[in-house]
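Structure data (TSV, C-alpha atoms and all ligand atoms) from target-v3.tsv:
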```
chain	number	residue	atom	x	y	z
H	1	MET	CA	90.66	-147.51	-59.11
H	2	HIS	CA	88.99	-148.85	-56.02
H	3	GLU	CA	86.10	-146.52	-56.85
H	4	MET	CA	84.83	-149.37	-59.06
H	5	GLY	CA	84.60	-151.67	-56.06
H	6	ILE	CA	82.99	-148.96	-53.99
H	7	CYS	CA	80.42	-148.19	-56.69
H	8	ASP	CA	79.70	-151.85	-57.04
H	9	GLY	CA	78.94	-151.93	-53.31
H	10	ILE	CA	76.69	-148.88	-53.62
H	11	LEU	CA	74.73	-150.31	-56.55
H	12	THR	CA	74.39	-153.76	-54.98
H	13	ALA	CA	72.98	-152.29	-51.78
H	14	ALA	CA	70.67	-149.94	-53.71
H	15	VAL	CA	69.27	-152.66	-55.98
H	16	GLN	CA	68.80	-155.02	-53.03
H	17	ALA	CA	66.87	-152.40	-51.07
H	18	ALA	CA	64.73	-151.45	-54.06
H	19	THR	CA	63.96	-155.06	-54.93
H	20	SER	CA	62.90	-156.00	-51.43
H	21	ALA	CA	60.62	-152.94	-51.38
H	22	GLY	CA	59.01	-154.14	-54.61
H	23	ALA	CA	60.38	-151.26	-56.69
H	24	SER	CA	61.78	-151.63	-60.21
H	25	ARG	CA	63.42	-148.28	-60.89
H	26	ILE	CA	65.83	-146.19	-58.83
H	27	SER	CA	65.90	-142.46	-59.48
H	28	ARG	CA	68.29	-141.28	-56.79
H	29	ILE	CA	71.02	-142.74	-54.61
H	30	GLU	CA	72.35	-140.82	-51.62
H	31	VAL	CA	75.73	-141.64	-50.16
H	32	SER	CA	77.98	-140.12	-47.49
H	33	ILE	CA	81.73	-140.18	-47.96
H	34	GLY	CA	84.27	-139.01	-45.41
H	35	GLU	CA	86.92	-136.64	-46.70
H	36	LEU	CA	89.66	-138.83	-45.22
H	37	THR	CA	88.79	-141.73	-47.51
H	38	GLU	CA	90.75	-142.13	-50.72
H	39	VAL	CA	87.66	-141.67	-52.89
H	40	MET	CA	88.03	-139.23	-55.77
H	41	ASP	CA	84.81	-137.63	-56.95
H	42	ASP	CA	85.69	-137.85	-60.66
H	43	ALA	CA	86.65	-141.49	-60.45
H	44	LEU	CA	83.54	-142.28	-58.43
H	45	ARG	CA	81.25	-140.70	-61.03
H	46	PHE	CA	83.10	-142.35	-63.87
H	47	ALA	CA	82.69	-145.74	-62.18
H	48	PHE	CA	79.03	-145.03	-61.44
H	49	ASP	CA	78.32	-144.16	-65.08
H	50	ALA	CA	79.92	-147.38	-66.22
H	51	LEU	CA	78.35	-149.71	-63.67
H	52	ARG	CA	74.76	-148.45	-63.57
H	53	ARG	CA	74.13	-149.42	-67.21
H	54	GLY	CA	71.63	-152.21	-67.53
H	55	THR	CA	70.62	-152.02	-63.87
H	56	MET	CA	67.44	-150.54	-62.38
H	57	ALA	CA	69.60	-147.55	-61.40
H	58	GLU	CA	70.41	-146.80	-65.06
H	59	GLU	CA	68.94	-143.30	-64.78
H	60	ALA	CA	69.65	-142.66	-61.14
H	61	VAL	CA	71.29	-139.52	-59.82
H	62	LEU	CA	74.20	-140.13	-57.47
H	63	ALA	CA	74.07	-137.55	-54.66
H	64	VAL	CA	77.28	-137.47	-52.63
H	65	ASN	CA	77.42	-135.83	-49.24
H	66	TYR	CA	81.09	-135.34	-48.35
H	67	LEU	CA	81.71	-135.40	-44.60
H	68	GLU	CA	84.44	-133.28	-43.06
H	69	ALA	CA	87.01	-134.79	-40.72
H	70	ARG	CA	86.14	-134.32	-37.04
H	71	SER	CA	87.96	-135.59	-33.99
H	72	GLN	CA	87.63	-135.55	-30.25
H	73	CYS	CA	90.61	-134.55	-28.13
H	74	THR	CA	91.63	-137.30	-25.73
H	75	GLU	CA	93.18	-134.76	-23.33
H	76	CYS	CA	90.43	-132.15	-22.95
H	77	GLY	CA	87.42	-133.74	-24.64
H	78	SER	CA	86.62	-130.97	-27.11
H	79	GLU	CA	85.43	-131.92	-30.58
H	80	PHE	CA	86.73	-130.07	-33.61
H	81	ARG	CA	87.04	-130.07	-37.39
H	82	HIS	CA	90.54	-130.40	-38.85
H	83	ASP	CA	92.40	-131.10	-42.05
H	84	ARG	CA	94.58	-134.17	-42.51
H	85	PHE	CA	97.89	-132.46	-41.98
H	86	ASP	CA	97.13	-130.61	-38.81
H	87	PRO	CA	94.84	-132.66	-36.59
H	88	LYS	CA	95.62	-130.54	-33.53
H	89	CYS	CA	93.16	-129.74	-30.76
H	90	PRO	CA	92.43	-126.00	-30.99
H	91	GLU	CA	91.65	-125.86	-27.26
H	92	CYS	CA	94.71	-127.44	-25.69
H	93	GLY	CA	97.14	-128.07	-28.58
H	94	SER	CA	97.20	-131.85	-28.15
H	95	TYR	CA	97.62	-134.22	-31.09
H	96	VAL	CA	96.23	-137.13	-29.11
H	97	ILE	CA	92.82	-137.34	-30.67
H	98	THR	CA	90.21	-139.86	-31.74
H	99	LEU	CA	88.55	-139.56	-35.10
H	100	VAL	CA	84.76	-139.31	-34.88
H	101	GLN	CA	83.96	-138.61	-38.53
H	102	GLY	CA	85.78	-138.59	-41.86
H	103	ARG	CA	86.30	-142.20	-42.93
H	104	GLU	CA	82.68	-143.02	-43.87
H	105	LEU	CA	81.68	-144.88	-47.01
H	106	ARG	CA	77.94	-145.16	-46.47
H	107	ILE	CA	74.84	-145.54	-48.58
H	108	ASP	CA	72.14	-143.50	-46.85
H	109	ALA	CA	68.94	-143.79	-48.88
H	110	ILE	CA	67.43	-144.21	-52.32
H	111	ASP	CA	64.38	-142.94	-54.17
H	112	ALA	CA	62.71	-145.77	-56.06
H	113	GLU	CA	59.42	-146.63	-57.66
B	1	MET	CA	59.16	-143.89	-52.58
B	2	ARG	CA	62.07	-143.15	-50.30
B	3	ILE	CA	63.96	-146.08	-48.78
B	4	ASP	CA	66.41	-145.56	-45.93
B	5	ILE	CA	69.40	-147.86	-46.09
B	6	ALA	CA	72.17	-146.45	-43.83
B	7	LYS	CA	74.62	-149.20	-44.65
B	8	ASP	CA	78.38	-149.27	-44.95
B	9	VAL	CA	79.31	-149.65	-48.62
B	10	LEU	CA	82.11	-152.05	-47.74
B	11	GLU	CA	79.92	-153.98	-45.33
B	12	HIS	CA	80.55	-157.26	-47.11
B	13	ASN	CA	84.34	-156.83	-46.97
B	14	ASP	CA	84.16	-155.75	-43.34
B	15	ALA	CA	82.02	-158.74	-42.35
B	16	LEU	CA	84.49	-161.20	-43.86
B	17	ALA	CA	87.37	-159.27	-42.27
B	18	GLU	CA	85.67	-159.76	-38.92
B	19	GLN	CA	85.51	-163.51	-39.55
B	20	ASN	CA	89.21	-163.52	-40.41
B	21	ARG	CA	89.97	-161.54	-37.25
B	22	ARG	CA	88.14	-164.09	-35.11
B	23	ARG	CA	90.00	-166.94	-36.75
B	24	PHE	CA	93.36	-165.27	-36.14
B	25	ALA	CA	92.47	-164.58	-32.51
B	26	GLU	CA	91.40	-168.18	-31.92
B	27	ALA	CA	94.64	-169.47	-33.40
B	28	GLY	CA	96.70	-166.87	-31.49
B	29	VAL	CA	98.46	-165.78	-34.65
B	30	PHE	CA	99.50	-162.19	-35.33
B	31	VAL	CA	98.78	-160.92	-38.85
B	32	VAL	CA	100.51	-157.91	-40.36
B	33	ASP	CA	99.63	-156.36	-43.72
B	34	LEU	CA	102.56	-154.70	-45.53
B	35	MET	CA	101.63	-151.93	-47.93
B	36	ALA	CA	103.92	-149.94	-50.23
B	37	SER	CA	104.55	-148.78	-53.79
B	38	PRO	CA	105.82	-151.38	-56.22
B	39	GLY	CA	109.56	-151.80	-55.69
B	40	ALA	CA	109.68	-150.14	-52.26
B	41	GLY	CA	111.01	-153.36	-50.79
B	42	LYS	CA	108.05	-155.34	-49.46
B	43	THR	CA	109.43	-158.74	-50.45
B	44	THR	CA	112.95	-157.86	-49.30
B	45	THR	CA	111.54	-156.64	-45.97
B	46	ILE	CA	109.62	-159.89	-45.58
B	47	LEU	CA	112.80	-161.89	-46.17
B	48	ALA	CA	114.73	-159.74	-43.66
B	49	THR	CA	111.92	-160.14	-41.12
B	50	ILE	CA	111.92	-163.90	-41.58
B	51	ALA	CA	115.69	-163.98	-41.03
B	52	ALA	CA	115.32	-161.96	-37.83
B	53	LEU	CA	112.40	-163.87	-36.31
B	54	ARG	CA	112.40	-167.42	-37.66
B	55	ASP	CA	114.30	-168.84	-34.70
B	56	ARG	CA	111.69	-167.50	-32.30
B	57	TYR	CA	108.44	-167.72	-34.28
B	58	ARG	CA	106.66	-169.90	-36.81
B	59	ILE	CA	106.03	-167.69	-39.83
B	60	ALA	CA	104.00	-167.87	-43.05
B	61	VAL	CA	103.53	-165.40	-45.88
B	62	ILE	CA	100.52	-164.49	-48.01
B	63	GLU	CA	101.68	-162.96	-51.28
B	64	GLY	CA	99.25	-160.53	-52.87
B	65	ASP	CA	101.57	-158.69	-55.18
B	66	ILE	CA	100.29	-158.97	-58.73
B	67	ALA	CA	103.67	-159.32	-60.39
B	68	SER	CA	103.83	-163.11	-60.62
B	69	ARG	CA	104.62	-166.11	-58.51
B	70	VAL	CA	108.18	-164.86	-58.20
B	71	ASP	CA	107.75	-163.43	-54.72
B	72	ALA	CA	106.06	-166.50	-53.27
B	73	GLU	CA	108.75	-168.70	-54.75
B	74	LYS	CA	111.51	-166.55	-53.28
B	75	ILE	CA	109.97	-167.00	-49.86
B	76	ALA	CA	109.25	-170.70	-50.23
B	77	GLU	CA	112.93	-171.19	-51.08
B	78	HIS	CA	113.64	-170.20	-47.48
B	79	GLY	CA	111.44	-173.00	-46.19
B	80	ILE	CA	108.62	-170.69	-45.16
B	81	PRO	CA	105.05	-171.54	-46.17
B	82	ALA	CA	103.92	-169.03	-48.80
B	83	VAL	CA	100.50	-168.74	-50.42
B	84	GLN	CA	100.15	-166.75	-53.60
B	85	ILE	CA	96.88	-164.91	-54.06
B	86	ASN	CA	95.72	-164.44	-57.60
B	87	THR	CA	94.21	-160.96	-57.46
B	88	GLY	CA	93.24	-161.03	-61.13
B	89	GLY	CA	94.82	-157.62	-61.60
B	90	ALA	CA	93.00	-155.97	-58.68
B	91	CYS	CA	94.68	-152.95	-57.13
B	92	HIS	CA	94.31	-154.11	-53.53
B	93	LEU	CA	93.59	-157.20	-51.44
B	94	GLU	CA	90.16	-157.84	-49.97
B	95	SER	CA	89.15	-159.89	-46.96
B	96	ALA	CA	87.62	-162.64	-49.12
B	97	MET	CA	91.01	-163.23	-50.78
B	98	ILE	CA	92.68	-163.52	-47.38
B	99	GLN	CA	89.99	-165.92	-46.24
B	100	ARG	CA	90.71	-168.22	-49.20
B	101	ALA	CA	94.48	-167.93	-48.74
B	102	VAL	CA	94.26	-168.76	-45.04
B	103	ASP	CA	92.54	-172.04	-45.90
B	104	HIS	CA	95.91	-173.17	-47.26
B	105	LEU	CA	97.69	-172.46	-43.97
B	106	ASP	CA	97.73	-174.35	-40.69
B	107	LEU	CA	97.03	-171.33	-38.49
B	108	ASP	CA	97.36	-173.24	-35.22
B	109	ALA	CA	100.96	-174.05	-36.15
B	110	LEU	CA	101.84	-170.39	-36.75
B	111	ASP	CA	102.71	-167.30	-34.70
B	112	LEU	CA	103.03	-164.72	-37.46
B	113	VAL	CA	101.47	-164.29	-40.88
B	114	ILE	CA	102.90	-161.55	-43.10
B	115	VAL	CA	100.71	-160.32	-45.94
B	116	GLU	CA	102.33	-158.58	-48.91
B	117	ASN	CA	99.61	-156.32	-50.28
B	118	VAL	CA	99.43	-155.16	-53.90
B	119	GLY	CA	101.92	-152.39	-54.68
B	120	ASN	CA	99.60	-149.41	-54.37
B	121	LEU	CA	99.42	-146.49	-51.91
B	122	VAL	CA	95.73	-145.72	-52.29
B	123	CYS	CA	93.34	-148.64	-52.49
B	124	PRO	CA	94.64	-150.93	-49.70
B	125	THR	CA	93.85	-148.25	-47.11
B	126	GLU	CA	90.07	-148.74	-47.46
B	127	PHE	CA	90.02	-152.51	-47.14
B	128	ASP	CA	90.07	-154.18	-43.76
B	129	LEU	CA	91.52	-157.67	-44.14
B	130	GLY	CA	91.02	-158.68	-40.51
B	131	GLU	CA	94.73	-158.18	-39.88
B	132	HIS	CA	96.04	-156.92	-36.53
B	133	ALA	CA	98.09	-154.14	-38.07
B	134	LYS	CA	98.65	-152.42	-41.37
B	135	VAL	CA	102.23	-151.28	-41.81
B	136	MET	CA	103.43	-148.96	-44.53
B	137	ILE	CA	106.85	-149.12	-46.16
B	138	LEU	CA	108.20	-145.99	-47.77
B	139	SER	CA	111.54	-146.26	-49.52
B	140	VAL	CA	114.00	-143.37	-49.47
B	141	PRO	CA	114.12	-142.89	-53.30
B	142	GLU	CA	110.36	-142.15	-53.30
B	143	GLY	CA	111.03	-138.89	-51.49
B	144	HIS	CA	110.15	-137.35	-48.14
B	145	ASP	CA	107.10	-135.57	-49.56
B	146	LYS	CA	105.15	-138.80	-50.25
B	147	PRO	CA	102.97	-138.33	-47.14
B	148	TYR	CA	101.63	-135.09	-48.65
B	149	LYS	CA	100.57	-136.95	-51.77
B	150	TYR	CA	99.24	-140.09	-50.08
B	151	PRO	CA	98.20	-139.10	-46.57
B	152	GLY	CA	95.63	-141.86	-46.12
B	153	ILE	CA	98.06	-144.73	-45.99
B	154	PHE	CA	100.15	-142.97	-43.34
B	155	GLU	CA	97.06	-142.28	-41.25
B	156	ILE	CA	95.94	-145.86	-41.00
B	157	SER	CA	99.34	-147.52	-40.57
B	158	GLU	CA	100.34	-148.64	-37.09
B	159	ALA	CA	104.01	-148.37	-37.97
B	160	VAL	CA	106.02	-146.91	-40.84
B	161	ILE	CA	109.18	-148.50	-42.21
B	162	LEU	CA	111.58	-146.12	-43.95
B	163	ASN	CA	113.33	-148.62	-46.20
B	164	LYS	CA	116.45	-148.32	-48.39
B	165	TYR	CA	117.94	-146.20	-45.62
B	166	ASP	CA	121.35	-147.17	-47.02
B	167	THR	CA	120.63	-144.83	-49.95
B	168	LEU	CA	119.90	-141.77	-47.81
B	169	ALA	CA	123.08	-139.98	-48.86
B	170	VAL	CA	122.32	-140.42	-52.57
B	171	PHE	CA	118.85	-138.90	-52.45
B	172	ASP	CA	117.81	-135.52	-51.10
B	173	PHE	CA	115.65	-137.15	-48.49
B	174	ASP	CA	114.82	-134.78	-45.64
B	175	GLU	CA	114.27	-137.16	-42.74
B	176	ALA	CA	113.33	-134.43	-40.25
B	177	GLU	CA	110.65	-133.13	-42.58
B	178	PHE	CA	109.39	-136.68	-43.20
B	179	ARG	CA	109.17	-137.37	-39.46
B	180	SER	CA	107.34	-134.13	-38.86
B	181	VAL	CA	104.65	-134.78	-41.50
B	182	VAL	CA	104.14	-138.40	-40.49
B	183	GLY	CA	104.02	-137.29	-36.86
B	184	ARG	CA	101.20	-134.91	-37.67
B	185	LEU	CA	99.26	-137.43	-39.76
B	186	ASN	CA	99.71	-140.23	-37.27
B	187	PRO	CA	101.37	-139.35	-33.97
B	188	ARG	CA	101.10	-142.90	-32.60
B	189	ALA	CA	102.99	-144.70	-35.37
B	190	PRO	CA	106.67	-145.48	-34.75
B	191	ILE	CA	109.03	-144.93	-37.71
B	192	PHE	CA	111.67	-147.59	-38.36
B	193	PRO	CA	114.56	-146.47	-40.59
B	194	MET	CA	115.84	-149.64	-42.12
B	195	SER	CA	117.76	-151.29	-44.91
B	196	ALA	CA	116.11	-154.56	-45.75
B	197	LYS	CA	119.10	-155.22	-47.97
B	198	THR	CA	121.94	-154.71	-45.46
B	199	GLY	CA	119.94	-155.60	-42.36
B	200	GLU	CA	120.57	-152.24	-40.72
B	201	GLY	CA	117.65	-151.27	-38.48
B	202	VAL	CA	115.80	-154.56	-38.93
B	203	ALA	CA	116.20	-155.44	-35.23
B	204	ALA	CA	114.09	-152.51	-34.02
B	205	TRP	CA	111.28	-153.44	-36.40
B	206	ALA	CA	111.56	-157.12	-35.44
B	207	ASP	CA	111.35	-156.18	-31.73
B	208	TRP	CA	108.18	-154.19	-32.37
B	209	LEU	CA	106.67	-157.16	-34.21
B	210	ALA	CA	107.77	-159.58	-31.50
B	211	ALA	CA	106.03	-157.49	-28.84
B	212	ARG	CA	102.82	-157.56	-30.87
B	213	ILE	CA	103.13	-161.31	-31.49
B	214	GLU	CA	103.54	-161.93	-27.77
B	215	ALA	CA	100.51	-159.79	-27.01
B	216	VAL	CA	98.38	-161.88	-29.35
B	217	LYS	CA	99.69	-165.15	-27.94
B	218	GLU	CA	98.71	-164.00	-24.47
B	219	GLY	CA	95.33	-162.78	-25.73
B	220	ARG	CA	96.16	-159.16	-24.84
B	221	ASP	CA	95.92	-157.88	-28.41
B	222	ASP	CA	92.73	-158.56	-30.30
B	223	ALA	CA	92.64	-155.22	-32.09
K	301	LIG	N1	119.54	-150.31	-51.66
K	301	LIG	C1	118.49	-151.01	-51.25
K	301	LIG	N2	117.76	-151.70	-52.13
K	301	LIG	C2	116.69	-152.41	-51.65
K	301	LIG	C3	116.34	-152.41	-50.28
K	301	LIG	N3	115.23	-153.15	-50.13
K	301	LIG	C4	114.90	-153.62	-51.36
K	301	LIG	N4	115.78	-153.17	-52.28
K	301	LIG	C5	115.78	-153.46	-53.73
K	301	LIG	O1	114.62	-152.88	-54.31
K	301	LIG	C6	114.13	-153.70	-55.36
K	301	LIG	C7	112.66	-154.05	-55.13
K	301	LIG	O2	112.55	-154.79	-53.93
K	301	LIG	P1	111.30	-155.74	-53.63
K	301	LIG	O3	111.48	-156.26	-52.26
K	301	LIG	O4	111.12	-156.72	-54.71
K	301	LIG	O5	110.11	-154.68	-53.68
K	301	LIG	P2	108.51	-154.92	-53.66
K	301	LIG	O6	108.04	-154.74	-55.05
K	301	LIG	O7	107.98	-153.84	-52.76
K	301	LIG	O8	108.28	-156.28	-53.12
K	301	LIG	C8	115.01	-154.93	-55.38
K	301	LIG	O9	115.98	-154.76	-56.38
K	301	LIG	C9	115.66	-154.93	-54.01
K	301	LIG	O10	116.92	-155.53	-53.99
K	301	LIG	C10	117.16	-151.65	-49.37
K	301	LIG	O11	116.93	-151.57	-48.17
K	301	LIG	N5	118.21	-150.97	-49.91
K	302	MG	MG	107.18	-157.91	-53.91
K	303	ZN	ZN	92.46	-148.84	-57.04
K	304	ZN	ZN	92.29	-130.70	-26.30
```

As structure tokens, please, write out the structure in this file.
Ligand SMILES: Nc1nc2c(ncn2[C@@H]2O[C@H](COP(=O)(O)OP(=O)(O)O)[C@@H](O)[C@H]2O)c(=O)[nH]1
Ligand SMILES: [Mg+2]
Ligand SMILES: [Zn+2]
Ligand SMILES: [Zn+2]
Amino acid sequence: MHEMGICDGILTAAVQAATSAGASRISRIEVSIGELTEVMDDALRFAFDALRRGTMAEEAVLAVNYLEARSQCTECGSEFRHDRFDPKCPECGSYVITLVQGRELRIDAIDAE
Amino acid sequence: MRIDIAKDVLEHNDALAEQNRRRFAEAGVFVVDLMASPGAGKTTTILATIAALRDRYRIAVIEGDIASRVDAEKIAEHGIPAVQINTGGACHLESAMIQRAVDHLDLDALDLVIVENVGNLVCPTEFDLGEHAKVMILSVPEGHDKPYKYPGIFEISEAVILNKYDTLAVFDFDEAEFRSVVGRLNPRAPIFPMSAKTGEGVAAWADWLAARIEAVKEGRDDA
């Protein structure tokens, strides 16, 4: 359950940002998570429910933006979306690619007052 | 009010990992992180690796497996420095734990540090320890379809050890299928069929490690 650790990171960053902006309540937390990470939505929400208690994010909504996996082909340069099991360049058929998106674990923004 | 943050959630772990990486580079020591299910043969692989490389390189081990002190003791019996990390039941190692463990080692007097991660195929993939390479061990009895269930660990590994190769005949392990899936998930990673128990195939893995160790010593590899 590394979702606990991840949620802890999300809440710490959110509370820090809210505090330094002089806010005392967080109503929304927006995060981006790449689909190649090992984060499970259910586990993430379970962890969030447990960890937000007693914090200024107690009533916050967790909005998750899942990011699809995208890579750039090293051979021909084209960028494309792919699933994990077939990361093949649709233009030239090469498997020699560099991931450009899909492993993110990022806190984007919060709404606070 | 809206506050933009745009921060990596694991920023703290990544920052400490970066510090570890710098320390390893300065000392010219290669650090490999072994990940696998419990019982796949991490400790046995470490012992086989020590046997293969101890004449050429100065080795130490960081034990992160939660089981007990048993693994660290097994290694220390062979005269190899071993530091046991107390993970407090965590399901993966983090860079802060490595940082504390490394304080117990004389890095300048080492060429290779082997980390035994917690037996888990999911969590260790997200946590950069500052190591040079993550290596995954799959054992034959776990089945050739493991990469379908746990693709992430295969994607981020720089090499894959197929351990307990001596049991291939007993299990319906389809090696061709395994190679094809791993090849699609991670075309760059070499696969080393091996029996940590009999020693079969250990040489190829040890050669791969030796090449990486040399690269670090010469400052060619600071990945
Ligand atoms: N047949 C066979 N057994 C092995 C091999 N490697 C490890 N084992 C056995 O598998 C069990 C678990 O090994 P261990 O190294 O403790 O696994 P760990 O939990 O991943 O560290 C032990 O009983 C080992 O003797 C191997 O290559 N072949
Ligand atoms: Mg072990
Ligand atoms: Zn976990
Ligand atoms: Zn292409």

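Across the model, the gap from atom CA of H:Glu30 to atom CA of H:Ala63 is 4.8 Å.
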
_Taking all atoms listed in the file into account, find every residue of chain H that has an atom no more than 6 Å from chain B, and write it out as an MDAnalysis selection string._
chainID H and resid 2 9:10 85 105:113

At most 6 Å is the cut-off: for each residue in chain B with any atom that close to an atom of ligand MG 302 (chain K), write down the nearest atom pair and the distance in Å rounded to one decimal, counting only C-alpha atoms and all ligand atoms, chain first then increasing number, as CSV.
```
residue,atom,partner,partner_atom,distance
B:Lys42,CA,K:MG302,MG,5.2
B:Thr43,CA,K:MG302,MG,4.2
B:Asp65,CA,K:MG302,MG,5.8
B:Asp71,CA,K:MG302,MG,5.6
```

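Atom CA of H:Glu104 is positioned 25.7 Å from atom CA of B:Gly64.
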
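Every protein, DNA or RNA residue with an atom at most 9 Å from B:Gln99, where all atoms listed in the file count and chain neighbours fewer than 5 positions away do not, is listed here: B:Leu16, B:Ala17, B:Gln19, B:Asn20, B:Glu94, B:Leu129.
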
*H:Ser27, H:Ser78, H:Thr12, H:Gln72 ranked by distance to H:Ala60, top pick (using all atoms listed in the file)*: H:Ser27

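Identified as lying at most 8 Å from ligand LIG 301 (chain K) when counting only C-alpha atoms and all ligand atoms are the residues B:Ala36, B:Ser37, B:Pro38, B:Gly39, B:Ala40, B:Gly41, B:Lys42, B:Thr43, B:Thr44, B:Thr45, B:Ile46, B:Asp65, B:Asp71, B:Glu116, B:Gly119, B:Ser139, B:Asn163, B:Lys164, B:Tyr165, B:Asp166, B:Thr167, B:Met194, B:Ser195, B:Ala196, B:Lys197, B:Thr198, B:Gly199.
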
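Comparing B:Val216, B:Ala60, B:Ala27, B:Val118 by their smallest distance to ligand ZN 303 (chain K), the closest is B:Val118 (using only C-alpha atoms and all ligand atoms).
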
_Minimum-distance residue to ligand ZN 303 (chain K), chosen among B:Ala169, B:Leu93, B:Val135, B:Ala211 (using only C-alpha atoms and all ligand atoms)_ = B:Leu93

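You can rank H:Ser24, H:Thr98, H:Gln16, H:Ser32 by their closest distance to H:Cys73 using all atoms listed in the file, and at the top of that list sits H:Thr98.
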
Counting only C-alpha atoms and all ligand atoms, name the residues that have an atom within 9 Å of an atom of ligand ZN 304 (chain K); the answer should be given as a PDB file with C-alpha atoms, keeping the file's coordinate frame.
```pdb
ATOM      1  CA  GLN H  72      87.630-135.550 -30.250  1.00  0.00           C
ATOM      2  CA  CYS H  73      90.610-134.550 -28.130  1.00  0.00           C
ATOM      3  CA  THR H  74      91.630-137.300 -25.730  1.00  0.00           C
ATOM      4  CA  GLU H  75      93.180-134.760 -23.330  1.00  0.00           C
ATOM      5  CA  CYS H  76      90.430-132.150 -22.950  1.00  0.00           C
ATOM      6  CA  GLY H  77      87.420-133.740 -24.640  1.00  0.00           C
ATOM      7  CA  SER H  78      86.620-130.970 -27.110  1.00  0.00           C
ATOM      8  CA  GLU H  79      85.430-131.920 -30.580  1.00  0.00           C
ATOM      9  CA  LYS H  88      95.620-130.540 -33.530  1.00  0.00           C
ATOM     10  CA  CYS H  89      93.160-129.740 -30.760  1.00  0.00           C
ATOM     11  CA  PRO H  90      92.430-126.000 -30.990  1.00  0.00           C
ATOM     12  CA  GLU H  91      91.650-125.860 -27.260  1.00  0.00           C
ATOM     13  CA  CYS H  92      94.710-127.440 -25.690  1.00  0.00           C
ATOM     14  CA  GLY H  93      97.140-128.070 -28.580  1.00  0.00           C
ATOM     15  CA  SER H  94      97.200-131.850 -28.150  1.00  0.00           C
ATOM     16  CA  TYR H  95      97.620-134.220 -31.090  1.00  0.00           C
ATOM     17  CA  VAL H  96      96.230-137.130 -29.110  1.00  0.00           C
ATOM     18  CA  ILE H  97      92.820-137.340 -30.670  1.00  0.00           C
TER      19      ILE H  97
END
```

Could you write stretch 202-206 of chain B of the block just shown to a file containing all heavy atoms, as an mmCIF file, in the first residue's frame?
```
data_model
loop_
_atom_site.group_PDB
_atom_site.id
_atom_site.type_symbol
_atom_site.label_atom_id
_atom_site.label_comp_id
_atom_site.auth_asym_id
_atom_site.auth_seq_id
_atom_site.Cartn_x
_atom_site.Cartn_y
_atom_site.Cartn_z
ATOM 1 N N VAL B 202 25.197 -17.795 -13.307
ATOM 2 C CA VAL B 202 25.605 -16.660 -12.468
ATOM 3 C C VAL B 202 26.701 -15.831 -13.155
ATOM 4 O O VAL B 202 26.737 -14.607 -13.036
ATOM 5 C CB VAL B 202 26.073 -17.143 -11.063
ATOM 6 C CG1 VAL B 202 26.657 -15.993 -10.252
ATOM 7 C CG2 VAL B 202 24.908 -17.778 -10.309
ATOM 8 N N ALA B 203 27.556 -16.505 -13.942
ATOM 9 C CA ALA B 203 28.681 -15.810 -14.577
ATOM 10 C C ALA B 203 28.222 -14.688 -15.503
ATOM 11 O O ALA B 203 28.801 -13.597 -15.500
ATOM 12 C CB ALA B 203 29.543 -16.816 -15.338
ATOM 13 N N ALA B 204 27.158 -14.946 -16.271
ATOM 14 C CA ALA B 204 26.690 -13.919 -17.222
ATOM 15 C C ALA B 204 26.193 -12.685 -16.471
ATOM 16 O O ALA B 204 26.470 -11.542 -16.858
ATOM 17 C CB ALA B 204 25.580 -14.491 -18.105
ATOM 18 N N TRP B 205 25.468 -12.923 -15.407
ATOM 19 C CA TRP B 205 24.978 -11.826 -14.561
ATOM 20 C C TRP B 205 26.148 -11.084 -13.920
ATOM 21 O O TRP B 205 26.200 -9.858 -13.902
ATOM 22 C CB TRP B 205 24.011 -12.408 -13.519
ATOM 23 C CG TRP B 205 23.901 -11.689 -12.208
ATOM 24 C CD1 TRP B 205 24.289 -12.146 -10.990
ATOM 25 C CD2 TRP B 205 23.338 -10.377 -11.984
ATOM 26 N NE1 TRP B 205 24.008 -11.217 -10.015
ATOM 27 C CE2 TRP B 205 23.433 -10.125 -10.594
ATOM 28 C CE3 TRP B 205 22.790 -9.404 -12.823
ATOM 29 C CZ2 TRP B 205 22.985 -8.939 -10.017
ATOM 30 C CZ3 TRP B 205 22.346 -8.218 -12.242
ATOM 31 C CH2 TRP B 205 22.437 -7.991 -10.862
ATOM 32 N N ALA B 206 27.126 -11.837 -13.422
ATOM 33 C CA ALA B 206 28.283 -11.229 -12.767
ATOM 34 C C ALA B 206 29.086 -10.384 -13.775
ATOM 35 O O ALA B 206 29.588 -9.319 -13.424
ATOM 36 C CB ALA B 206 29.160 -12.306 -12.138
#
```
